[in-house]
There are 4 protein chains.
Amino acid sequence: MTIFEQRESNVRGYSRVYPVTFTTAKNARQTDDTGKEYIDFFAGAGVLNFGHNNEAMINAMIDYMKNDGVLHSLDMQTSAKAEFMQTFTDLILEPRNMSHRIQFMGPTGTNAVEAAMKIARRATGRTEILAFSQGFHGMTLGSLAATANEYFRNASGVPLNHVRHEAFGCEVPCSGCNQGCGLEALDHLRARYLNTSSGMAKPAAILLETIQAEGGVNVAGKEWMKGVAALAKELGAVLIIDDIQVGCGRTGNYFSFDDLGVMPDIVCMAKGIGGIGTPMAMNLVHPELDKHWSPGEHTGTFRGQNLSFVAGKVALDYFRNDDFMKEVKDKSVLVDQYLQPLLHADKSLQLRGKGMIFGLDMGSGERSAAVVQECFKKGLIIAACGTGGKVLKIIPPLTIPKSDLIAGLEILTESVRSVMEKAA
Amino acid sequence: MTIFEQRESNVRGYSRVYPVTFTTAKNARQTDDTGKEYIDFFAGAGVLNFGHNNEAMINAMIDYMKNDGVLHSLDMQTSAKAEFMQTFTDLILEPRNMSHRIQFMGPTGTNAVEAAMKIARRATGRTEILAFSQGFHGMTLGSLAATANEYFRNASGVPLNHVRHEAFGCEVPCSGCNQGCGLEALDHLRARYLNTSSGMAKPAAILLETIQAEGGVNVAGKEWMKGVAALAKELGAVLIIDDIQVGCGRTGNYFSFDDLGVMPDIVCMAKGIGGIGTPMAMNLVHPELDKHWSPGEHTGTFRGQNLSFVAGKVALDYFRNDDFMKEVKDKSVLVDQYLQPLLHADKSLQLRGKGMIFGLDMGSGERSAAVVQECFKKGLIIAACGTGGKVLKIIPPLTIPKSDLIAGLEILTESVRSVMEKAA
Amino acid sequence: MTIFEQRESNVRGYSRVYPVTFTTAKNARQTDDTGKEYIDFFAGAGVLNFGHNNEAMINAMIDYMKNDGVLHSLDMQTSAKAEFMQTFTDLILEPRNMSHRIQFMGPTGTNAVEAAMKIARRATGRTEILAFSQGFHGMTLGSLAATANEYFRNASGVPLNHVRHEAFGCEVPCSGCNQGCGLEALDHLRARYLNTSSGMAKPAAILLETIQAEGGVNVAGKEWMKGVAALAKELGAVLIIDDIQVGCGRTGNYFSFDDLGVMPDIVCMAKGIGGIGTPMAMNLVHPELDKHWSPGEHTGTFRGQNLSFVAGKVALDYFRNDDFMKEVKDKSVLVDQYLQPLLHADKSLQLRGKGMIFGLDMGSGERSAAVVQECFKKGLIIAACGTGGKVLKIIPPLTIPKSDLIAGLEILTESVRSVMEKAA
Amino acid sequence: MTIFEQRESNVRGYSRVYPVTFTTAKNARQTDDTGKEYIDFFAGAGVLNFGHNNEAMINAMIDYMKNDGVLHSLDMQTSAKAEFMQTFTDLILEPRNMSHRIQFMGPTGTNAVEAAMKIARRATGRTEILAFSQGFHGMTLGSLAATANEYFRNASGVPLNHVRHEAFGCEVPCSGCNQGCGLEALDHLRARYLNTSSGMAKPAAILLETIQAEGGVNVAGKEWMKGVAALAKELGAVLIIDDIQVGCGRTGNYFSFDDLGVMPDIVCMAKGIGGIGTPMAMNLVHPELDKHWSPGEHTGTFRGQNLSFVAGKVALDYFRNDDFMKEVKDKSVLVDQYLQPLLHADKSLQLRGKGMIFGLDMGSGERSAAVVQECFKKGLIIAACGTGGKVLKIIPPLTIPKSDLIAGLEILTESVRSVMEKAA
């Protein structure tokens with residue numbers, strides 16, 4: 001028995017899917033202790049936008065440590081933090097005319113969502129939050145109430161209150177979905193919120209992802225997103241975009257909402273923001289909301305992660321000009337080209353996505369699990385998402401070399417074909 | 001205006017108390033950007049048990065990075081994680097005959113507490129949790145319900161349900177407390193839980209710290225702790241010890257409960273466990289409880305922090321023999337010796353603590369705030385805790401050189417005297 | 001100042017609308033202390049289906065009292081209760097092959113709804129209940145959570161959890177409603193309940209009125225009602241029909257659902273069931289559900305109201321043959337004939353209803369309040385309902401003499417015309 | 001099978017304990033359909049303070065009905081209601097200088113408690129309510145949260161939130177209670193409410209009975225009651241006395257708190273207030289609180305029960321002078337004299353009570369159930385209360401003839417002795 005089998009909690013998950021021990025990693029490749037290499041189409045669940053062990057970041061971190069830079073600082077001021085904040089302000093906020101304040105908290109996405117829900121409720125004096133089917137927002141009690149999947153919800157042990165879920169407005173409705181999403185549904189929802197006899201209290205916030213990553217790579221329609229933003233405004237609700245998995249360049253823009261014509265009151269960030277898995281979470285909060293915070297009302301020990309500030313600042317360099325985002329868009333076309341033939345071969349498959357996040361909907365969890373296993377054997381790490389795990393999520397590092405991308409896509413298409421053939 | 005004033009959220013706290021920008025740090029000293037040095041009696045709110053930028057840890061981390069060790073791994077298996085788990089098992093669990101499983105989650109204390117509450121509720125099928133006055137367990141909705149301070153609670157925006165607070169059983173009751181703590185209160189509580197007409201449902205768990213750090217350095221009485229453990233057992237409730245701030249050697253033993261004659265079903269760990277502010281949280285869960293988890297039911301992106309495993313493993317070296325804990329106990333005596341004279345001089349002061357965590361209760365928040373400011377001017381970082389911030393918390397790195405400890409204590413006693421004199 | 005102004009709570013409502021003191025009443029007429037008579041189109045909010053001071057009931061009650069029949073009996077067995085139950089079984093349950101058990105509780109509709117929600121939750125082990133916009137189910141905390149109108153909801157002082165409201169499926173959608181009711185919405189709702197990632201837990205019960213009386217006389221479409229019943233069955237949810245205001249013959253059938261092709265698991269009854277305002281509430285509970293009750297688990301002091309059993313038994317005589325229901329249907333035609341011309345005159349008005357419950361939707365609360373005042377001056381008691389009170393509810397005693405009905409309708413049409421003219 | 005066995009819900013309770021069918025009743029006697037007579041020491045769970053079928057009330061009701069007095073009136077004004085309110089004001093409120101407003105609601109005690117909780121929460125803007133162990137306040141979701149007995153609580157199907165239970169302060173602590181009641185506990189409770197780190201939000205209201213009837217006839221100590229009232233005042237909480245079972249003369253004063261030196265902000269009344277089981281509930285609400293109600297915010301169909309006003313007004317005649325209350329006190333002495341010898345014979349028995357409510361604590365539910373059966377056989381109706389039903393509750397009509405009282409006490413003492421002997 002390995003130490004994992006002996007001692008790790010039964011809750012462990014990915015180690016069952018990929019039962020090897022990894023030792024090293026570089027950009028889009030991981031190596032296990034037998035020396036076998038894997039191309040990584042998972043990127044640490046969307047954390048590693050800039051690749052494993054990004055050279056520039058590693059160097060900056062090592063330098064910082066060698067100079068005895070402050071590592072842990074709560075929310076005291078450090079030079080590393082100042083530099084990160086200044087760079088983020090210069091490169092990301094100011095070009096967008098965003099006056100948002102930056103709030104740091106415990107370095108996990110769930111903490112960011114909890115903080116956002118808190119300030120939205122405080123500022124509006126309301127309790128209810130509108131979230132959406134398939135949404136994933138975290139595991140702590142507040143954010144879990146907004147997470148839609150019953151597998152996670154049922155683990156809570158207490159009722160999850162104060163969040164109402166409605167159908168997410170996909171750009172292209174999934175086949176057989178029939179949940180009544182889209183603009184018409186949004187109109188109905190609006191009418192009900194405005195009706196004082198609907199039994200529905202006006203929400204403190206509307207909380208959503210523009211692309212539901214964990215939920216199956218469901219891409220919100222642009223008009224629907226604009227409708228949601230308009231609804232939030234009309235209802236006096238805070239618009240919270242959870243950009244934890246699809247921000248930081250993943251969609252071909254820095255923020256996933258950059259090309260959607262909406263401006264959220266709060267943006268929740270984590271995962272990629274810290275650079276290379278160096279934990280960080282932060283919210284961008286409109287100043288009018290932010291002033292409702294009193295000092296220290298929402299704290300967190302690890303909210304001053306200076307290695308994350310250092311690596312995170314290097315990550316921002318990718319956004320000094322458009323080259324990187326152009327590269328992402330080019331790779332996006334490549335992925336699409338490689339996968340389209342699969343769809344022609346089998347009409348039950350569906351491909352969704354944008355930028356460098358794609359979901360290949362296999363129609364069943366069994367099928368996609370089989371593909372995951374097949375890929376792994378062939379040296380590709382890919383994970384399933386969506387209800388029952390029926391969607392293969394393709395989120396390689398944005399920095400993946402084209403050769404690795406192509407090699408991975410070949411393993412993937414081959415594995416899909418092989419599984420489909422066996423099933424047929 | 002600094003970038004912090006321009007852009008950081010109004011929620012920022014410590015940067016208002018210590019309004020300088022820190023650049024470097026080493027063991028028990030921090031330096032600001034003017035070159036001024038500060039002795040650190042705060043240790044990042046109890047994170048830096050082994051000092052800022054601990055040489056051995058820094059070196060191990062740099063080596064690991066230079067060798068392209070996997071940095072971010074979710075809950076996949078890595079060699080760094082295996083080594084940490086093996087070392088922890090060998091040095092900490094096995095010598096104590098603890099069969100507990102190790103669960104990793106999002107790397108903040110609040111995530112650990114949320115996971116503990118979840119599994120306790122799941123396993124017992126009950127919803128209520130018994131927590132205690134002055135307890136601090138985190139900021140997310142589940143753990144916040146267990147946190148006692150109304151300043152934090154009032155920020156929630158929704159009711160905090162399913163936790164009942166009772167008076168914490170201090171070793172030495174604070175002057176004027178009168179909350180009815182202690183063994184007799186525990187007897188009454190027991191009688192009420194056993195009475196089917198008390199209106200009190202049996203709890204899923206009893207959740208507490210053995211020393212309430214944030215709550216004012218309140219040290220639980222040993223007999224009371226044993227009574228609590230017996231009560232948990234009698235009621236079929238899970239005993240959860242939140243050792244996040246006072247574990248990892250802080251009290252002169254690895255676990256704060258090592259010398260209390262109790263064995264918790266779950267131990268929540270964070271802060272010091274990751275080494276030098278490298279974020280990690282983990283729960284030790286009794287196997288009988290742990291089997292109630294299904295794979296992936298409680299997840300978290302940053303639950304596989306390999307730099308934390310690397311640094312955390314080095315930290316465990318301090319516990320290969322008793323030397324380090326003996327050193328902590330010696331320093332504890334030193335602190336006590338330095339502070340006792342203050343108590344004789346002013347009967348309104350109270351000193352509480354154990355190992356290297358002390359609370360000097362100043363009786364009022366104004367006084368202690370004045371001392372904090374005075375110390376800061378003189379080059380000592382110390383923070384206030386407890387209701388209204390009336391308690392000065394002394395938690396230097398355990399590795400603090402004696403000279404720094406003495407220098408800090410001198411600044412402290414001088415500042416206290418100066419403030420007391422002005423007040424008189 | 002009258003004693004009412006001096007001492008009655010500010011919460012009093014109807015006494016402000018009809019500021020006279022009534023002394024006597026008979027069938028469809030009430031007389032005030034100046035001798036002025038009023039035709040009653042309100043019938044005590046739907047209680048007095050068989051008229052004020054119904055002669056046969058009064059006589060039976062007086063006889064019962066003169067013979068010292070037991071008046072108050074909790075849930076002990078009395079001869080009066082036996083007779084009521086036997087008659088109800090013979091005349092109502094058996095002809096419909098209803099095996100339902102009869103449960104008595106505190107004699108108010110809200111108590112019936114609370115009991116229904118309780119047993120549905122107990123039996124299914126689920127917590128959520130699906131209710132509908134504009135639904136009215138009572139004022140106590142459990143039933144209030146299912147009541148849709150925010151005026152009532154906002155008075156609760158605590159969050160109202162565990163009920164989800166969806167759009168009610170009106171036979172004829174109100175003009176400008178746009179809530180997305182109807183069969184398609186039901187299909188979408190079904191899809192979401194069946195989707196394990198919708199964030200919507202399967203409900204313990206679906207709770208609704210077939211005609212929302214308080215909510216504005218909204219008549220459910222028959223196909224929609226059948227769809228709701230099918231959905232309840234598919235989801236394993238208890239179907240609860242709240243027939244408190246529209247049962248007991250009000251719609252032209254004993255139960256409002258008699259001609260809708262559905263059979264509820266629980267029927268909530270109150271108001272008319274007790275005869276002439278003699279308080280009673282009862283649930284009809286399918287035996288498979290009822291067996292989940294343990295003795296005395298849901299109690300209530302006044303659940304054995306023998307005067308109500310006596311009067312209620314007399315009321316059942318109206319259902320020994322079809323004559324009475326035929327009479328109701330005839331009167332229904334009459335009402336419709338009288339009111340249709342108003343609709344032709346003003347397209348903004350809408351008439352909804354069935355049997356002897358009609359709602360004349362005036363489009364605004366101001367208008368309908370003006371009509372109520374005008375009618376009252378002219379000797380007609382009529383009340384407003386629906387959101388903002390914009391609907392005039394016409395629910396005279398079913399026993400109203402045709403002459404009174406016509407006289408009342410003339411006052412009403414005249415008043416509506418007068419108000420509409422002034423508004424024009 | 002009787003109709004009850006065939007058709008009544010499994011929830012029925014008393015009909016299992018007293019499995020006969022009652023036909024007539026008069027003052028303190030009930031007769032079953034075989035002609036067997038029973039002395040009634042239960043009085044409809046404390047409703048029939050003035051006896052079954054009180055002649056004066058019956059006559060007034062018959063007269064009222066013969067004159068076609070309005071029976072059902074919602075909250076419109078009627079002459080019967082005016083007379084009741086005027087008489088209540090003259091005889092009860094004004095002599096006590098009580099400026100309280102009178103609020104009517106659905107005619108059950110639980111509705112009164114729900115209304116009281118609502119307005120307390122509204123007026124204070126707080127959510128939590130402090131209630132006590134063994135308290136009984138009703139079965140609907142709001143009041144059930146304040147009811148202590150887990151048998152009732154467990155039936156709710158959803159968590160019961162927003163009420164905290166503390167130990168009730170008995171005049172004489174029950175043997176073996178050890179819940180920590182009394183003045184010292186109240187002091188501790190006060191300290192915790194005033195401590196901002198206790199985790200306990202200040203309550204909207206303190207809700208209690210002065211004698212817990214259903215809970216086992218626990219009599220609050222006078223000093224404790226005064227302490228509770230002082231605490232409510234200090235905390236800005238509404239003091240609600242639930243006088244539903246022990247008001248209306250039961251304790252030898254009209255209100256149970258008349259001789260306790262406290263004046264509640266809200267008094268909840270039901271049971272006896274309506275005269276002879278004619279349902280009524282009402283709250284007396286201090287004008288400063290009452291002004292927080294908006295018209296119609298808390299309604300109820302049967303809140304205008306004119307037969308109850310008529311009978312209830314007659315009941316008030318008993319309080320025109322002190323004779324009736326003196327009679328109650330005399331009978332109280334008699335009961336005590338008869339029961340004291342039982343206590344001397346067996347030290348495990350305990351007698352508690354005041355006025356005409358006594359609890360004979362048998363120490364076990366089995367024993368008291370045996371006594372109930374034995375009494376019933378011998379022609380005495382008596383019921384058990386308290387945890388596990390271990391207390392025999394003696395609450396005959398206040399109007400019981402001395403001869404019946406003595407005859408009943410003889411059956412009771414004989415039955416107790418017989419059961420104790422068998423047990424020995």
# chains A, B, ... in the order shown; residues from 1 in each chain; ligands from 1

$ interface_residues --of "chain D" --to "chain C" --cutoff "6 Å" --atoms "only C-alpha atoms" --output "mmCIF file with N, CA, C and O atoms, in the first residue's frame"
data_model
loop_
_atom_site.group_PDB
_atom_site.id
_atom_site.type_symbol
_atom_site.label_atom_id
_atom_site.label_comp_id
_atom_site.auth_asym_id
_atom_site.auth_seq_id
_atom_site.Cartn_x
_atom_site.Cartn_y
_atom_site.Cartn_z
ATOM 1 N N ARG D 7 -61.428 5.894 9.608
ATOM 2 C CA ARG D 7 -61.153 7.092 8.822
ATOM 3 C C ARG D 7 -60.304 8.157 9.502
ATOM 4 O O ARG D 7 -59.784 9.041 8.835
ATOM 5 N N GLU D 8 -60.193 8.130 10.831
ATOM 6 C CA GLU D 8 -59.448 9.246 11.419
ATOM 7 C C GLU D 8 -57.947 9.000 11.281
ATOM 8 O O GLU D 8 -57.460 7.874 11.327
ATOM 9 N N SER D 9 -57.248 10.072 11.132
ATOM 10 C CA SER D 9 -55.800 10.005 10.910
ATOM 11 C C SER D 9 -55.102 9.310 12.068
ATOM 12 O O SER D 9 -55.526 9.382 13.225
ATOM 13 N N ASN D 10 -54.036 8.691 11.716
ATOM 14 C CA ASN D 10 -53.166 8.029 12.685
ATOM 15 C C ASN D 10 -52.630 9.001 13.738
ATOM 16 O O ASN D 10 -52.132 8.583 14.782
ATOM 17 N N VAL D 11 -52.740 10.272 13.484
ATOM 18 C CA VAL D 11 -52.190 11.274 14.399
ATOM 19 C C VAL D 11 -53.061 11.425 15.651
ATOM 20 O O VAL D 11 -52.611 12.009 16.639
ATOM 21 N N ARG D 12 -54.269 10.894 15.603
ATOM 22 C CA ARG D 12 -55.170 11.044 16.763
ATOM 23 C C ARG D 12 -54.507 10.503 18.024
ATOM 24 O O ARG D 12 -53.781 9.497 17.957
ATOM 25 N N GLY D 13 -54.764 11.166 19.153
ATOM 26 C CA GLY D 13 -54.065 10.780 20.371
ATOM 27 C C GLY D 13 -54.983 10.457 21.541
ATOM 28 O O GLY D 13 -55.029 9.318 22.011
ATOM 29 N N TYR D 14 -55.735 11.445 22.007
ATOM 30 C CA TYR D 14 -56.526 11.229 23.227
ATOM 31 C C TYR D 14 -57.569 10.132 23.054
ATOM 32 O O TYR D 14 -57.933 9.458 24.011
ATOM 33 N N SER D 15 -58.044 9.939 21.834
ATOM 34 C CA SER D 15 -59.053 8.902 21.628
ATOM 35 C C SER D 15 -58.478 7.509 21.852
ATOM 36 O O SER D 15 -59.211 6.540 22.020
ATOM 37 N N THR D 21 -66.854 6.951 23.385
ATOM 38 C CA THR D 21 -67.438 8.082 22.660
ATOM 39 C C THR D 21 -68.285 8.895 23.630
ATOM 40 O O THR D 21 -69.236 8.383 24.226
ATOM 41 N N PHE D 22 -67.901 10.152 23.767
ATOM 42 C CA PHE D 22 -68.621 11.025 24.693
ATOM 43 C C PHE D 22 -69.824 11.642 23.991
ATOM 44 O O PHE D 22 -69.759 11.955 22.794
ATOM 45 N N THR D 23 -70.886 11.797 24.767
ATOM 46 C CA THR D 23 -72.103 12.363 24.161
ATOM 47 C C THR D 23 -72.481 13.699 24.797
ATOM 48 O O THR D 23 -72.764 14.654 24.086
ATOM 49 N N THR D 24 -72.467 13.742 26.128
ATOM 50 C CA THR D 24 -72.854 14.998 26.767
ATOM 51 C C THR D 24 -71.833 15.379 27.824
ATOM 52 O O THR D 24 -70.990 14.571 28.220
ATOM 53 N N ALA D 25 -71.949 16.629 28.274
ATOM 54 C CA ALA D 25 -71.017 17.141 29.278
ATOM 55 C C ALA D 25 -71.679 18.296 30.000
ATOM 56 O O ALA D 25 -72.498 19.029 29.419
ATOM 57 N N ASP D 68 -80.278 36.214 15.194
ATOM 58 C CA ASP D 68 -79.474 36.349 13.974
ATOM 59 C C ASP D 68 -78.292 37.298 14.124
ATOM 60 O O ASP D 68 -77.952 38.058 13.193
ATOM 61 N N GLY D 69 -77.691 37.261 15.274
ATOM 62 C CA GLY D 69 -76.442 38.000 15.438
ATOM 63 C C GLY D 69 -75.421 37.507 14.417
ATOM 64 O O GLY D 69 -75.415 36.333 14.044
ATOM 65 N N VAL D 70 -74.578 38.409 13.973
ATOM 66 C CA VAL D 70 -73.536 38.026 13.001
ATOM 67 C C VAL D 70 -72.633 36.964 13.635
ATOM 68 O O VAL D 70 -72.132 37.170 14.745
ATOM 69 N N HIS D 72 -69.982 35.180 11.808
ATOM 70 C CA HIS D 72 -68.618 35.197 11.249
ATOM 71 C C HIS D 72 -68.367 36.557 10.629
ATOM 72 O O HIS D 72 -69.131 37.005 9.785
ATOM 73 N N ASP D 75 -62.396 40.552 10.438
ATOM 74 C CA ASP D 75 -62.135 41.588 11.445
ATOM 75 C C ASP D 75 -62.980 42.841 11.212
ATOM 76 O O ASP D 75 -62.562 43.949 11.532
ATOM 77 N N MET D 76 -64.167 42.602 10.689
ATOM 78 C CA MET D 76 -65.124 43.710 10.650
ATOM 79 C C MET D 76 -65.627 43.972 12.076
ATOM 80 O O MET D 76 -65.470 43.153 12.969
ATOM 81 N N GLN D 77 -66.272 45.114 12.215
ATOM 82 C CA GLN D 77 -66.810 45.471 13.521
ATOM 83 C C GLN D 77 -68.203 44.865 13.708
ATOM 84 O O GLN D 77 -69.039 44.963 12.820
ATOM 85 N N THR D 78 -68.393 44.244 14.857
ATOM 86 C CA THR D 78 -69.743 43.770 15.191
ATOM 87 C C THR D 78 -70.058 44.223 16.609
ATOM 88 O O THR D 78 -69.157 44.538 17.400
ATOM 89 N N SER D 79 -71.307 44.209 16.913
ATOM 90 C CA SER D 79 -71.701 44.621 18.261
ATOM 91 C C SER D 79 -71.194 43.612 19.289
ATOM 92 O O SER D 79 -70.750 43.996 20.375
ATOM 93 N N ARG D 101 -52.972 47.033 23.302
ATOM 94 C CA ARG D 101 -53.952 46.865 22.242
ATOM 95 C C ARG D 101 -54.353 45.394 22.139
ATOM 96 O O ARG D 101 -53.572 44.512 22.503
ATOM 97 N N ILE D 102 -55.533 45.168 21.602
ATOM 98 C CA ILE D 102 -56.047 43.797 21.465
ATOM 99 C C ILE D 102 -55.956 43.385 19.997
ATOM 100 O O ILE D 102 -56.491 44.058 19.120
ATOM 101 N N GLN D 103 -55.259 42.295 19.768
ATOM 102 C CA GLN D 103 -55.146 41.781 18.397
ATOM 103 C C GLN D 103 -55.784 40.409 18.311
ATOM 104 O O GLN D 103 -55.460 39.516 19.100
ATOM 105 N N LYS D 118 -43.717 37.392 15.295
ATOM 106 C CA LYS D 118 -43.599 38.230 14.104
ATOM 107 C C LYS D 118 -43.389 39.689 14.472
ATOM 108 O O LYS D 118 -42.458 40.336 13.990
ATOM 109 N N ARG D 121 -40.082 40.436 16.133
ATOM 110 C CA ARG D 121 -38.965 40.470 15.181
ATOM 111 C C ARG D 121 -39.021 41.730 14.328
ATOM 112 O O ARG D 121 -37.988 42.362 14.077
ATOM 113 N N ARG D 122 -40.200 42.053 13.861
ATOM 114 C CA ARG D 122 -40.351 43.260 13.046
ATOM 115 C C ARG D 122 -39.910 44.502 13.797
ATOM 116 O O ARG D 122 -39.168 45.339 13.284
ATOM 117 N N THR D 127 -33.713 38.642 14.851
ATOM 118 C CA THR D 127 -34.367 37.386 14.464
ATOM 119 C C THR D 127 -34.502 36.370 15.597
ATOM 120 O O THR D 127 -35.444 35.594 15.617
ATOM 121 N N LEU D 141 -44.867 26.236 12.252
ATOM 122 C CA LEU D 141 -43.413 26.236 12.157
ATOM 123 C C LEU D 141 -42.727 27.285 13.034
ATOM 124 O O LEU D 141 -41.673 27.018 13.619
ATOM 125 N N GLY D 142 -43.333 28.453 13.141
ATOM 126 C CA GLY D 142 -42.735 29.492 13.968
ATOM 127 C C GLY D 142 -42.815 29.163 15.443
ATOM 128 O O GLY D 142 -41.816 29.222 16.170
ATOM 129 N N PHE D 152 -42.334 16.653 19.408
ATOM 130 C CA PHE D 152 -42.987 17.585 18.491
ATOM 131 C C PHE D 152 -41.996 18.170 17.487
ATOM 132 O O PHE D 152 -42.296 18.327 16.305
ATOM 133 N N SER D 156 -41.121 18.204 12.466
ATOM 134 C CA SER D 156 -41.197 19.396 11.605
ATOM 135 C C SER D 156 -40.750 19.150 10.163
ATOM 136 O O SER D 156 -41.229 19.792 9.249
ATOM 137 N N GLY D 157 -39.805 18.266 9.977
ATOM 138 C CA GLY D 157 -39.333 17.988 8.617
ATOM 139 C C GLY D 157 -38.356 19.011 8.059
ATOM 140 O O GLY D 157 -37.766 18.801 7.011
ATOM 141 N N VAL D 158 -38.197 20.109 8.729
ATOM 142 C CA VAL D 158 -37.175 21.110 8.374
ATOM 143 C C VAL D 158 -36.552 21.606 9.664
ATOM 144 O O VAL D 158 -37.164 21.506 10.731
ATOM 145 N N GLY D 277 -64.829 26.668 25.121
ATOM 146 C CA GLY D 277 -64.294 25.907 23.995
ATOM 147 C C GLY D 277 -64.648 26.562 22.674
ATOM 148 O O GLY D 277 -64.292 26.053 21.617
ATOM 149 N N TRP D 293 -47.369 47.195 13.329
ATOM 150 C CA TRP D 293 -48.242 46.447 12.414
ATOM 151 C C TRP D 293 -48.819 47.372 11.351
ATOM 152 O O TRP D 293 -49.262 48.479 11.655
ATOM 153 N N SER D 294 -48.848 46.901 10.126
ATOM 154 C CA SER D 294 -49.614 47.577 9.079
ATOM 155 C C SER D 294 -50.928 46.812 8.899
ATOM 156 O O SER D 294 -50.995 45.613 9.187
ATOM 157 N N PRO D 295 -51.955 47.496 8.402
ATOM 158 C CA PRO D 295 -53.261 46.836 8.278
ATOM 159 C C PRO D 295 -53.202 45.547 7.471
ATOM 160 O O PRO D 295 -52.656 45.529 6.366
ATOM 161 N N GLY D 296 -53.767 44.502 8.027
ATOM 162 C CA GLY D 296 -53.910 43.252 7.308
ATOM 163 C C GLY D 296 -52.630 42.455 7.132
ATOM 164 O O GLY D 296 -52.620 41.445 6.432
ATOM 165 N N GLU D 297 -51.565 42.853 7.780
ATOM 166 C CA GLU D 297 -50.284 42.144 7.615
ATOM 167 C C GLU D 297 -50.305 40.754 8.221
ATOM 168 O O GLU D 297 -49.528 39.888 7.836
#

$ residues_around --residues "Ala232 of chain A" --least-positions-apart "4" --cutoff "10 Å" --atoms "only C-alpha atoms" --output "list in words"
Leu130, Arg190, Lys202, Pro203, Ala204, Ala205, Ile206, Leu207, Lys226, Gly227, Val228, Gly236, Ala237, Val238, Leu239, Ile240, Pro264 and Asp265 of chain A

$ residues_around --residues "segment 163-168 of chain D" --least-positions-apart "2" --cutoff "7 Å" --atoms "only C-alpha atoms" --output "VMD selection string"
(chain B and resid 198 to 200) or (chain D and resid 128 to 133 145 to 146 161 170 179 to 181)

$ select_by_dssp --residues "segment 163-255 of chain C" --states "alpha helix (DSSP H)" --output "PyMOL selection string"
chain C and resi 183-194+222-235

$ decode --residues "segment 348-352 of chain C" --atoms "N, CA, C and O atoms" --output "CSV table (one decimal), in the first residue's frame"
chain,number,residue,atom,x,y,z
C,348,SER,N,-59.9,47.1,-20.9
C,348,SER,CA,-58.8,46.9,-19.9
C,348,SER,C,-59.3,46.0,-18.7
C,348,SER,O,-58.5,45.5,-17.9
C,349,LEU,N,-60.6,45.7,-18.7
C,349,LEU,CA,-61.1,44.9,-17.6
C,349,LEU,C,-61.0,43.4,-18.1
C,349,LEU,O,-61.0,43.1,-19.2
C,350,GLN,N,-60.9,42.5,-17.1
C,350,GLN,CA,-60.9,41.1,-17.4
C,350,GLN,C,-61.7,40.4,-16.3
C,350,GLN,O,-61.7,40.7,-15.1
C,351,LEU,N,-62.4,39.4,-16.8
C,351,LEU,CA,-63.3,38.6,-15.9
C,351,LEU,C,-62.8,37.2,-15.8
C,351,LEU,O,-62.6,36.6,-16.9
C,352,ARG,N,-62.5,36.7,-14.7
C,352,ARG,CA,-62.1,35.3,-14.5
C,352,ARG,C,-63.0,34.6,-13.5
C,352,ARG,O,-63.5,35.2,-12.6
